[in-house]
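protein.pdb (PDB, C-alpha atoms)
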```pdb
MODEL        1
ATOM      1  CA  MET M   7     101.071  73.006 107.008
ATOM      2  CA  ILE M   8     100.294  76.476 105.669
ATOM      3  CA  GLN M   9     102.295  75.761 102.521
ATOM      4  CA  GLN M  10     100.475  72.456 102.088
ATOM      5  CA  LEU M  11      97.153  74.273 102.476
ATOM      6  CA  ALA M  12      98.174  76.840  99.857
ATOM      7  CA  ASP M  13      99.352  74.107  97.460
ATOM      8  CA  TRP M  14      96.109  72.124  97.903
ATOM      9  CA  LEU M  15      93.893  75.186  97.441
ATOM     10  CA  VAL M  16      95.690  76.689  94.434
ATOM     11  CA  TYR M  17      97.143  73.665  92.651
ATOM     12  CA  GLY M  18      94.644  71.017  93.760
ATOM     13  CA  LEU M  19      91.229  72.599  94.272
ATOM     14  CA  MET M  20      91.641  75.433  91.756
ATOM     15  CA  GLY M  21      93.664  73.282  89.352
ATOM     16  CA  LEU M  22      96.269  75.921  88.506
ATOM     17  CA  ASP M  23      99.687  74.925  87.232
ATOM     18  CA  ALA M  24     102.560  75.572  89.650
ATOM     19  CA  THR M  25     104.797  76.637  86.753
ATOM     20  CA  THR M  26     102.498  79.465  85.612
ATOM     21  CA  ARG M  27     102.800  83.025  86.839
ATOM     22  CA  LEU M  28      99.185  83.120  88.006
ATOM     23  CA  GLY M  29      99.572  79.872  89.957
ATOM     24  CA  GLU M  30     102.795  81.032  91.589
ATOM     25  CA  ALA M  31     101.337  84.449  92.478
ATOM     26  CA  LEU M  32      98.116  83.022  93.968
ATOM     27  CA  ASN M  33     100.029  80.392  95.948
ATOM     28  CA  PHE M  34     102.252  83.145  97.350
ATOM     29  CA  PHE M  35      99.181  85.239  98.231
ATOM     30  CA  VAL M  36      97.367  82.407 100.051
ATOM     31  CA  TYR M  37     100.462  81.274 101.942
ATOM     32  CA  ASP M  38     101.527  84.735 103.116
ATOM     33  CA  SER M  39      97.965  85.861 103.937
ATOM     34  CA  VAL M  40      97.278  82.884 106.196
ATOM     35  CA  LYS M  41     100.736  83.052 107.769
ATOM     36  CA  ILE M  42     100.636  86.759 108.589
ATOM     37  CA  ILE M  43      97.012  86.747 109.821
ATOM     38  CA  LEU M  44      97.785  83.856 112.183
ATOM     39  CA  LEU M  45     100.965  85.602 113.292
ATOM     40  CA  LEU M  46      99.094  88.838 113.842
ATOM     41  CA  PHE M  47      96.435  87.187 115.997
ATOM     42  CA  GLY M  48      98.894  85.015 117.954
ATOM     43  CA  ILE M  49     101.340  87.815 118.658
ATOM     44  CA  SER M  50      98.494  90.172 119.576
ATOM     45  CA  VAL M  51      97.261  87.648 122.146
ATOM     46  CA  VAL M  52     100.787  87.166 123.539
ATOM     47  CA  MET M  53     101.346  90.911 123.731
ATOM     48  CA  GLY M  54      97.939  91.298 125.378
ATOM     49  CA  VAL M  55      98.988  88.832 128.083
ATOM     50  CA  VAL M  56     102.329  90.609 128.489
ATOM     51  CA  ASN M  57     100.632  93.987 128.705
ATOM     52  CA  ALA M  58      98.172  92.616 131.285
ATOM     53  CA  TYR M  59     100.799  91.235 133.651
ATOM     54  CA  PHE M  60     104.057  92.989 132.856
ATOM     55  CA  PRO M  61     104.394  96.578 134.102
ATOM     56  CA  ILE M  62     104.690  97.910 130.556
ATOM     57  CA  GLU M  63     104.055 101.495 131.687
ATOM     58  CA  ARG M  64     107.028 101.275 134.035
ATOM     59  CA  LEU M  65     109.178  99.899 131.251
ATOM     60  CA  ARG M  66     108.060 102.670 128.922
ATOM     61  CA  ALA M  67     108.782 105.306 131.566
ATOM     62  CA  TYR M  68     112.147 103.717 132.372
ATOM     63  CA  LEU M  69     113.234 103.646 128.723
ATOM     64  CA  SER M  70     112.044 107.221 128.236
ATOM     65  CA  THR M  71     113.624 108.782 131.332
ATOM     66  CA  HIS M  72     116.852 106.828 131.974
ATOM     67  CA  LYS M  73     120.081 107.285 130.093
ATOM     68  CA  LEU M  74     120.910 103.801 128.793
ATOM     69  CA  TYR M  75     123.500 105.112 126.302
ATOM     70  CA  GLY M  76     121.947 103.304 123.364
ATOM     71  CA  PHE M  77     121.756  99.917 125.073
ATOM     72  CA  GLN M  78     117.981  99.760 124.528
ATOM     73  CA  TYR M  79     118.520 100.091 120.770
ATOM     74  CA  LEU M  80     121.109  97.311 120.833
ATOM     75  CA  LEU M  81     118.716  95.010 122.695
ATOM     76  CA  ALA M  82     115.879  95.757 120.262
ATOM     77  CA  SER M  83     118.140  95.177 117.248
ATOM     78  CA  VAL M  84     119.528  91.907 118.617
ATOM     79  CA  PHE M  85     115.985  90.763 119.388
ATOM     80  CA  GLY M  86     115.051  91.627 115.813
ATOM     81  CA  ALA M  87     118.026  89.645 114.507
ATOM     82  CA  ILE M  88     117.030  86.462 116.341
ATOM     83  CA  THR M  89     113.368  86.584 115.293
ATOM     84  CA  PRO M  90     112.802  84.714 111.989
ATOM     85  CA  PHE M  91     110.445  87.273 110.434
ATOM     86  CA  CYS M  92     110.276  88.982 107.064
ATOM     87  CA  SER M  93     109.366  92.678 106.867
ATOM     88  CA  CYS M  94     105.609  92.021 106.798
ATOM     89  CA  SER M  95     105.664  89.270 109.435
ATOM     90  CA  SER M  96     107.503  91.534 111.897
ATOM     91  CA  ILE M  97     104.750  94.177 111.751
ATOM     92  CA  PRO M  98     102.394  92.346 114.198
ATOM     93  CA  LEU M  99     105.103  92.437 116.873
ATOM     94  CA  PHE M 100     105.845  96.060 116.002
ATOM     95  CA  ILE M 101     102.139  96.863 116.520
ATOM     96  CA  GLY M 102     102.256  95.121 119.891
ATOM     97  CA  PHE M 103     105.268  97.188 120.974
ATOM     98  CA  VAL M 104     103.671 100.463 119.880
ATOM     99  CA  LYS M 105     100.332  99.522 121.461
ATOM    100  CA  GLY M 106     102.134  98.768 124.724
ATOM    101  CA  GLY M 107     103.739 102.214 124.764
ATOM    102  CA  ILE M 108     107.367 101.202 124.090
ATOM    103  CA  PRO M 109     109.300 104.263 122.787
ATOM    104  CA  LEU M 110     108.953 104.561 119.025
ATOM    105  CA  GLY M 111     112.698 104.662 118.357
ATOM    106  CA  VAL M 112     113.189 101.323 120.132
ATOM    107  CA  THR M 113     110.351  99.719 118.165
ATOM    108  CA  PHE M 114     111.853 101.033 114.924
ATOM    109  CA  ALA M 115     115.197  99.445 115.842
ATOM    110  CA  PHE M 116     113.416  96.087 116.008
ATOM    111  CA  LEU M 117     111.429  96.692 112.810
ATOM    112  CA  ILE M 118     114.563  97.580 110.836
ATOM    113  CA  THR M 119     116.734  94.667 111.982
ATOM    114  CA  SER M 120     114.137  91.891 112.115
ATOM    115  CA  PRO M 121     113.815  91.290 108.344
ATOM    116  CA  LEU M 122     117.486  92.014 107.581
ATOM    117  CA  VAL M 123     119.111  89.328 109.736
ATOM    118  CA  ASN M 124     117.948  85.804 110.577
ATOM    119  CA  GLU M 125     119.604  82.456 111.198
ATOM    120  CA  VAL M 126     118.735  80.981 107.789
ATOM    121  CA  ALA M 127     120.185  83.940 105.907
ATOM    122  CA  VAL M 128     123.308  83.807 108.106
ATOM    123  CA  ALA M 129     123.805  80.109 107.318
ATOM    124  CA  MET M 130     123.386  80.770 103.596
ATOM    125  CA  PHE M 131     125.776  83.715 103.754
ATOM    126  CA  LEU M 132     128.386  81.522 105.427
ATOM    127  CA  GLY M 133     128.192  79.044 102.595
ATOM    128  CA  ALA M 134     128.229  81.673  99.865
ATOM    129  CA  PHE M 135     130.692  84.301 101.116
ATOM    130  CA  GLY M 136     132.577  82.946 104.146
ATOM    131  CA  TRP M 137     132.588  83.965 107.791
ATOM    132  CA  GLU M 138     134.269  87.371 107.359
ATOM    133  CA  ILE M 139     131.598  88.730 105.010
ATOM    134  CA  THR M 140     128.864  87.060 107.069
ATOM    135  CA  LEU M 141     130.104  88.683 110.271
ATOM    136  CA  LEU M 142     130.248  92.048 108.522
ATOM    137  CA  TYR M 143     126.727  91.571 107.156
ATOM    138  CA  VAL M 144     125.261  90.648 110.575
ATOM    139  CA  SER M 145     127.100  93.481 112.327
ATOM    140  CA  CYS M 146     125.914  96.022 109.762
ATOM    141  CA  GLY M 147     122.324  94.750 109.964
ATOM    142  CA  ILE M 148     122.285  95.212 113.746
ATOM    143  CA  LEU M 149     124.111  98.549 113.464
ATOM    144  CA  LEU M 150     121.579  99.726 110.888
ATOM    145  CA  GLY M 151     118.739  98.970 113.300
ATOM    146  CA  MET M 152     120.475 100.700 116.206
ATOM    147  CA  VAL M 153     121.350 103.858 114.282
ATOM    148  CA  GLY M 154     117.998 103.987 112.509
ATOM    149  CA  GLY M 155     116.088 103.539 115.756
ATOM    150  CA  PHE M 156     118.194 106.180 117.487
ATOM    151  CA  VAL M 157     117.780 108.735 114.675
ATOM    152  CA  LEU M 158     114.037 108.149 114.315
ATOM    153  CA  GLY M 159     113.602 108.188 118.087
ATOM    154  CA  ARG M 160     115.199 111.631 118.253
ATOM    155  CA  LEU M 161     112.756 113.103 115.734
ATOM    156  CA  ASP M 162     109.762 113.034 118.122
ATOM    157  CA  LEU M 163     107.482 111.242 115.661
ATOM    158  CA  GLU M 164     104.827 109.921 118.040
ATOM    159  CA  GLY M 165     102.376 112.536 116.775
ATOM    160  CA  LEU M 166     102.571 110.967 113.303
ATOM    161  CA  LEU M 167     101.176 107.621 114.437
ATOM    162  CA  SER M 168      97.724 106.866 113.055
ATOM    163  CA  PRO M 169      94.628 107.727 115.124
ATOM    164  CA  TRP M 170      93.819 103.991 115.199
ATOM    165  CA  ILE M 171      97.007 102.996 117.039
ATOM    166  CA  LEU M 172      96.783 106.027 119.347
ATOM    167  CA  GLN M 173      93.277 104.915 120.295
ATOM    168  CA  MET M 174      94.597 101.396 120.899
ATOM    169  CA  GLN M 175      97.266 102.807 123.225
ATOM    170  CA  LYS M 176      94.638 104.750 125.180
ATOM    171  CA  MET M 177      92.394 101.705 125.496
ATOM    172  CA  GLN M 178      95.345  99.595 126.674
ATOM    173  CA  ILE M 179      96.218 102.072 129.430
ATOM    174  CA  GLU M 180      92.601 102.225 130.600
ATOM    175  CA  ALA M 181      92.240  98.438 130.543
ATOM    176  CA  ASP M 182      95.492  97.956 132.470
ATOM    177  CA  ALA M 183      94.341 100.421 135.145
ATOM    178  CA  ALA M 184      90.977  98.674 135.481
ATOM    179  CA  TYR M 185      92.518  95.221 135.712
ATOM    180  CA  GLU M 186      95.115  96.363 138.208
ATOM    181  CA  SER M 187      92.536  97.956 140.500
ATOM    182  CA  GLU M 188      90.211  94.940 140.346
ATOM    183  CA  GLN M 189      92.951  92.259 140.317
ATOM    184  CA  VAL M 190      91.019  90.217 137.745
ATOM    185  CA  PRO M 191      92.170  86.549 137.395
ATOM    186  CA  PHE M 192      93.857  85.493 134.164
ATOM    187  CA  MET M 193      90.994  83.282 132.901
ATOM    188  CA  ARG M 194      88.621  86.240 133.163
ATOM    189  CA  ARG M 195      91.060  88.463 131.296
ATOM    190  CA  LEU M 196      91.713  85.978 128.466
ATOM    191  CA  PRO M 197      88.395  86.473 126.572
ATOM    192  CA  ASN M 198      88.955  90.249 126.502
ATOM    193  CA  ILE M 199      92.568  89.762 125.413
ATOM    194  CA  ALA M 200      91.428  87.488 122.557
ATOM    195  CA  LYS M 201      88.701  89.994 121.637
ATOM    196  CA  GLU M 202      91.228  92.822 121.477
ATOM    197  CA  ALA M 203      93.544  90.653 119.357
ATOM    198  CA  MET M 204      90.701  89.946 116.937
ATOM    199  CA  ALA M 205      89.934  93.676 116.791
ATOM    200  CA  ILE M 206      93.540  94.330 115.792
ATOM    201  CA  VAL M 207      93.328  91.679 113.059
ATOM    202  CA  LYS M 208      90.089  93.185 111.717
ATOM    203  CA  GLY M 209      91.566  96.674 111.860
ATOM    204  CA  VAL M 210      94.556  95.862 109.659
ATOM    205  CA  LEU M 211      93.128  93.015 107.547
ATOM    206  CA  VAL M 212      92.467  95.097 104.426
ATOM    207  CA  TYR M 213      95.949  96.627 104.558
ATOM    208  CA  VAL M 214      97.510  93.181 105.033
ATOM    209  CA  LEU M 215      95.661  91.682 102.066
ATOM    210  CA  VAL M 216      96.410  94.647  99.791
ATOM    211  CA  GLY M 217     100.075  94.588 100.764
ATOM    212  CA  ILE M 218     100.419  90.841 100.210
ATOM    213  CA  GLY M 219      98.528  91.155  96.938
ATOM    214  CA  ILE M 220     101.092  93.660  95.681
ATOM    215  CA  GLY M 221     103.893  91.374  96.798
ATOM    216  CA  ALA M 222     102.255  88.360  95.135
ATOM    217  CA  PHE M 223     101.932  90.206  91.819
ATOM    218  CA  ILE M 224     105.592  91.232  91.902
ATOM    219  CA  HIS M 225     106.637  87.735  92.980
ATOM    220  CA  GLY M 226     104.755  86.076  90.137
ATOM    221  CA  TYR M 227     104.988  88.528  87.255
ATOM    222  CA  VAL M 228     108.210  90.566  87.531
ATOM    223  CA  PRO M 229     111.142  88.685  85.927
ATOM    224  CA  GLU M 230     113.997  88.060  88.377
ATOM    225  CA  GLY M 231     116.652  88.966  85.817
ATOM    226  CA  PHE M 232     115.142  92.404  85.226
ATOM    227  CA  PHE M 233     116.558  93.852  88.452
ATOM    228  CA  ALA M 234     119.959  92.217  88.040
ATOM    229  CA  GLU M 235     120.308  93.638  84.524
ATOM    230  CA  PHE M 236     119.219  97.115  85.585
ATOM    231  CA  VAL M 237     121.607  97.272  88.544
ATOM    232  CA  GLN M 238     124.472  96.007  86.411
ATOM    233  CA  ARG M 239     123.940  98.806  83.888
ATOM    234  CA  ALA M 240     123.704 101.526  86.549
ATOM    235  CA  GLY M 241     127.480 101.829  86.958
ATOM    236  CA  VAL M 242     128.546 104.337  89.614
ATOM    237  CA  PHE M 243     124.895 104.898  90.486
ATOM    238  CA  GLY M 244     124.484 101.218  91.236
ATOM    239  CA  VAL M 245     123.932 101.613  94.985
ATOM    240  CA  PRO M 246     121.028 104.112  94.881
ATOM    241  CA  ALA M 247     119.636 102.349  91.796
ATOM    242  CA  SER M 248     119.686  99.013  93.607
ATOM    243  CA  VAL M 249     117.858 100.519  96.583
ATOM    244  CA  LEU M 250     115.173 102.177  94.461
ATOM    245  CA  MET M 251     114.630  99.147  92.256
ATOM    246  CA  ALA M 252     114.472  96.761  95.208
ATOM    247  CA  MET M 253     111.785  98.591  97.179
ATOM    248  CA  PRO M 254     108.809  97.302  95.122
ATOM    249  CA  MET M 255     109.956  93.711  95.670
ATOM    250  CA  TYR M 256     108.970  91.497  98.588
ATOM    251  CA  ALA M 257     111.055  88.576  99.891
ATOM    252  CA  ASN M 258     112.713  87.416 103.086
ATOM    253  CA  ALA M 259     116.466  87.458 103.630
ATOM    254  CA  ALA M 260     116.862  83.720 103.003
ATOM    255  CA  GLY M 261     115.021  83.965  99.702
ATOM    256  CA  ILE M 262     117.136  86.825  98.381
ATOM    257  CA  VAL M 263     120.612  85.527  99.367
ATOM    258  CA  PRO M 264     120.882  83.364  96.207
ATOM    259  CA  VAL M 265     120.052  86.440  94.135
ATOM    260  CA  VAL M 266     122.869  88.343  95.853
ATOM    261  CA  GLU M 267     125.229  85.490  95.031
ATOM    262  CA  VAL M 268     124.222  85.667  91.358
ATOM    263  CA  LEU M 269     124.666  89.457  91.276
ATOM    264  CA  VAL M 270     128.169  89.190  92.734
ATOM    265  CA  ALA M 271     129.028  86.390  90.293
ATOM    266  CA  LYS M 272     128.004  88.710  87.430
ATOM    267  CA  GLY M 273     130.530  91.300  88.607
ATOM    268  CA  ILE M 274     128.282  93.627  90.601
ATOM    269  CA  PRO M 275     130.162  95.000  93.664
ATOM    270  CA  LEU M 276     129.251  93.298  96.921
ATOM    271  CA  GLY M 277     128.163  96.569  98.544
ATOM    272  CA  THR M 278     125.721  97.224  95.699
ATOM    273  CA  ALA M 279     124.386  93.668  95.913
ATOM    274  CA  LEU M 280     123.956  93.939  99.696
ATOM    275  CA  SER M 281     122.157  97.280  99.307
ATOM    276  CA  PHE M 282     119.796  95.529  96.919
ATOM    277  CA  MET M 283     119.223  92.705  99.404
ATOM    278  CA  MET M 284     118.682  94.969 102.415
ATOM    279  CA  SER M 285     116.187  97.091 100.498
ATOM    280  CA  VAL M 286     114.249  94.051  99.287
ATOM    281  CA  VAL M 287     113.869  92.590 102.770
ATOM    282  CA  GLY M 288     113.698  95.817 104.801
ATOM    283  CA  LEU M 289     111.851  98.291 102.572
ATOM    284  CA  SER M 290     109.084  96.660 100.575
ATOM    285  CA  LEU M 291     105.952  98.178  99.068
ATOM    286  CA  PRO M 292     103.721  95.592 100.810
ATOM    287  CA  GLU M 293     105.329  96.563 104.124
ATOM    288  CA  ALA M 294     104.560 100.232 103.481
ATOM    289  CA  THR M 295     100.932  99.367 102.742
ATOM    290  CA  MET M 296     100.580  97.483 106.027
ATOM    291  CA  LEU M 297     102.351 100.189 108.029
ATOM    292  CA  LYS M 298      99.842 102.742 106.744
ATOM    293  CA  LYS M 299      97.345 101.394 109.294
ATOM    294  CA  VAL M 300      99.764 102.205 112.110
ATOM    295  CA  MET M 301     101.396 105.370 110.731
ATOM    296  CA  THR M 302     100.495 108.367 108.644
ATOM    297  CA  TRP M 303     101.978 108.434 105.150
ATOM    298  CA  LYS M 304     104.362 111.130 106.337
ATOM    299  CA  LEU M 305     105.813 108.837 108.996
ATOM    300  CA  VAL M 306     106.018 105.945 106.520
ATOM    301  CA  GLY M 307     107.976 108.236 104.197
ATOM    302  CA  ILE M 308     110.321 109.381 106.969
ATOM    303  CA  PHE M 309     110.944 105.779 108.035
ATOM    304  CA  PHE M 310     111.606 104.538 104.498
ATOM    305  CA  GLY M 311     113.722 107.555 103.574
ATOM    306  CA  THR M 312     115.917 107.285 106.673
ATOM    307  CA  VAL M 313     116.512 103.553 106.279
ATOM    308  CA  ALA M 314     117.096 103.855 102.514
ATOM    309  CA  LEU M 315     119.737 106.540 103.067
ATOM    310  CA  MET M 316     121.554 104.398 105.642
ATOM    311  CA  ILE M 317     121.438 101.365 103.346
ATOM    312  CA  MET M 318     123.007 103.450 100.586
ATOM    313  CA  LEU M 319     125.750 104.648 102.911
ATOM    314  CA  LEU M 320     126.472 101.057 103.945
ATOM    315  CA  GLY M 321     126.584 100.000 100.297
ATOM    316  CA  TRP M 322     129.119 102.695  99.410
ATOM    317  CA  VAL M 323     131.245 101.829 102.458
ATOM    318  CA  PHE M 324     131.188  98.131 101.536
ATOM    319  CA  ASN M 325     132.248  98.932  97.985
ATOM    320  CA  MET M 326     135.179 100.990  99.272
ATOM    321  CA  ILE M 327     136.525  98.470 101.787
ATOM    322  CA  LEU M 328     135.859  95.179  99.944
TER     323      LEU M 328
ENDMDL
END
```
Since I need it in another form, could you write the structure as structure tokens?
Amino acid sequence: MIQQLADWLVYGLMGLDATTRLGEALNFFVYDSVKIILLLFGISVVMGVVNAYFPIERLRAYLSTHKLYGFQYLLASVFGAITPFCSCSSIPLFIGFVKGGIPLGVTFAFLITSPLVNEVAVAMFLGAFGWEITLLYVSCGILLGMVGGFVLGRLDLEGLLSPWILQMQKMQIEADAAYESEQVPFMRRLPNIAKEAMAIVKGVLVYVLVGIGIGAFIHGYVPEGFFAEFVQRAGVFGVPASVLMAMPMYANAAGIVPVVEVLVAKGIPLGTALSFMMSVVGLSLPEATMLKKVMTWKLVGIFFGTVALMIMLLGWVFNMIL
């Protein structure tokens, strides 16, 4: 329905041609803006309900004080793998986790894995590369989330969250304490939960629109063959080049799998092609713009740098063993 709305607005009402760059870019912008805003509001409401009735403070304390030997990172990464979100669509759930006080490393494990692995991309990988490569791809995507979440969780980065999200955390704790002491019925809580969800949407709306606008411009105006040609010419520096060149792009895993297939068909090593794919779906410029509302630029840089380094290492390992 969202795609039909975007098609009607851009191609019908505005009269733009679907084959033009402007038409394609505007259609992408309308579709992704509506989709992510609705996701942001819906997930914020769901997380508000969860925070109101689930002892989130106990969970946070349990994850922070008990030795689970990395199991919490595995659970977060697996949860990210089974959620069908791109990098920007997974941010609303990430905000809900952070707002609820879940340890930052665990939330990062989800944020890393969620765009990298989904059922559509897995099905396409099976058809393109077979089950062995698909299994390796899924395993590495989950492993990347686990290791990335663990490393970032050990760096004590909570102080680098934005004042906005820290204020949201404080308000959530105060609201939970008030509701718990008064034992307010659900129907009386729901208007406040919806109001808080709308406040979250308003708080990040500008960042969402700017981020999607950047992605729409790249989607409509940057030639697809440009990146393939550049990576092919990079030679031994193909892996880091693929990561750096992929970051400005914005696509989900299912949309980039055919590109990976073309790159491999042109003779680019599979590890280099997978590094390109993982960077496109897991480290995009629009994602960084949206995360700026939740994090300081320093934390955004640490997150992107850590994940980029691990993607490069995976690419080199793939090239050595395949």
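Atom CA of Asp38 of chain M sits 12.4 Å away from atom CA of Met7 of chain M.
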query: When you draw a straight line from atom CA of Ile101 of chain M to atom CA of Gln10 of chain M, how long is it in Å?
result: 28.4 Å
Nearest candidate to Ala12 of chain M (options M:Ser39, M:Thr140, M:Asn325, M:Gln78; using all atoms listed in the file): M:Ser39
field: Residue members of the PyMOL selection byres ((chain M and resi 283-285) around 9) in the file shown, as number ranges by chain
entry: M: 121-122, 147, 248-253, 255, 259, 262-263, 265-266, 278-282, 286-290, 313-314, 317
Residues from the last selection, C-alpha atoms, saved as a compact mmCIF listing (two decimals), keeping the file's coordinate frame:
```
# COMPACT_ATOMS: atom_id res chain seq x y z
CA PRO M 121 113.82 91.29 108.34
CA LEU M 122 117.49 92.01 107.58
CA GLY M 147 122.32 94.75 109.96
CA SER M 248 119.69 99.01 93.61
CA VAL M 249 117.86 100.52 96.58
CA LEU M 250 115.17 102.18 94.46
CA MET M 251 114.63 99.15 92.26
CA ALA M 252 114.47 96.76 95.21
CA MET M 253 111.78 98.59 97.18
CA MET M 255 109.96 93.71 95.67
CA ALA M 259 116.47 87.46 103.63
CA ILE M 262 117.14 86.82 98.38
CA VAL M 263 120.61 85.53 99.37
CA VAL M 265 120.05 86.44 94.14
CA VAL M 266 122.87 88.34 95.85
CA THR M 278 125.72 97.22 95.70
CA ALA M 279 124.39 93.67 95.91
CA LEU M 280 123.96 93.94 99.70
CA SER M 281 122.16 97.28 99.31
CA PHE M 282 119.80 95.53 96.92
CA VAL M 286 114.25 94.05 99.29
CA VAL M 287 113.87 92.59 102.77
CA GLY M 288 113.70 95.82 104.80
CA LEU M 289 111.85 98.29 102.57
CA SER M 290 109.08 96.66 100.58
CA VAL M 313 116.51 103.55 106.28
CA ALA M 314 117.10 103.86 102.51
CA ILE M 317 121.44 101.36 103.35
```
task: Evaluate the PyMOL selection byres ((chain M and resi 151) around 10) on the structure here and hand back the selected residues as number ranges by chain.
output: M: 79-80, 82-84, 86-87, 111-120, 122, 146-150, 152-157, 313, 316
For atom CA of Val123 of chain M and atom CA of Asp162 of chain M, the interatomic separation in Å (one decimal): 26.8 Å
- prompt: Which is closer to Val300 of chain M than all the others in M:Ile42, M:Ile171, M:Ile88, M:Val16, using only C-alpha atoms?
  reply: M:Ile171
task: Would you please work out which residue, of M:Val128, M:Leu158, M:Leu320, M:Val306, is nearest to Val144 of chain M when using all atoms listed in the file?
output: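 Counting all atoms listed in the file, the residue closest to Val144 of chain M is M:Val128.
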query: Which is closest to Gly159 of chain M among M:Val245, M:Leu110, M:Val216, M:Met296, if we use all atoms listed in the file?
result: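 The closest residue to Gly159 of chain M is M:Leu110.
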statement: Of M:Ala247, M:Ala294, M:Val212, M:Ala203, the one nearest to Ile308 of chain M when counting all atoms listed in the file is M:Ala294
- request: Fewer than 5 positions away in the same chain doesn't count, so skip those; otherwise give me all residues within 10 Å of Ser168 of chain M, counting all atoms listed in the file, as a ChimeraX atom specification.
  value: /M:173,297-303,305
task: Kindly indicate which residue among M:Phe85, M:Phe34, M:Tyr143, M:Trp170 lies nearest to Ala205 of chain M, using all atoms listed in the file for the distances.
output: M:Trp170
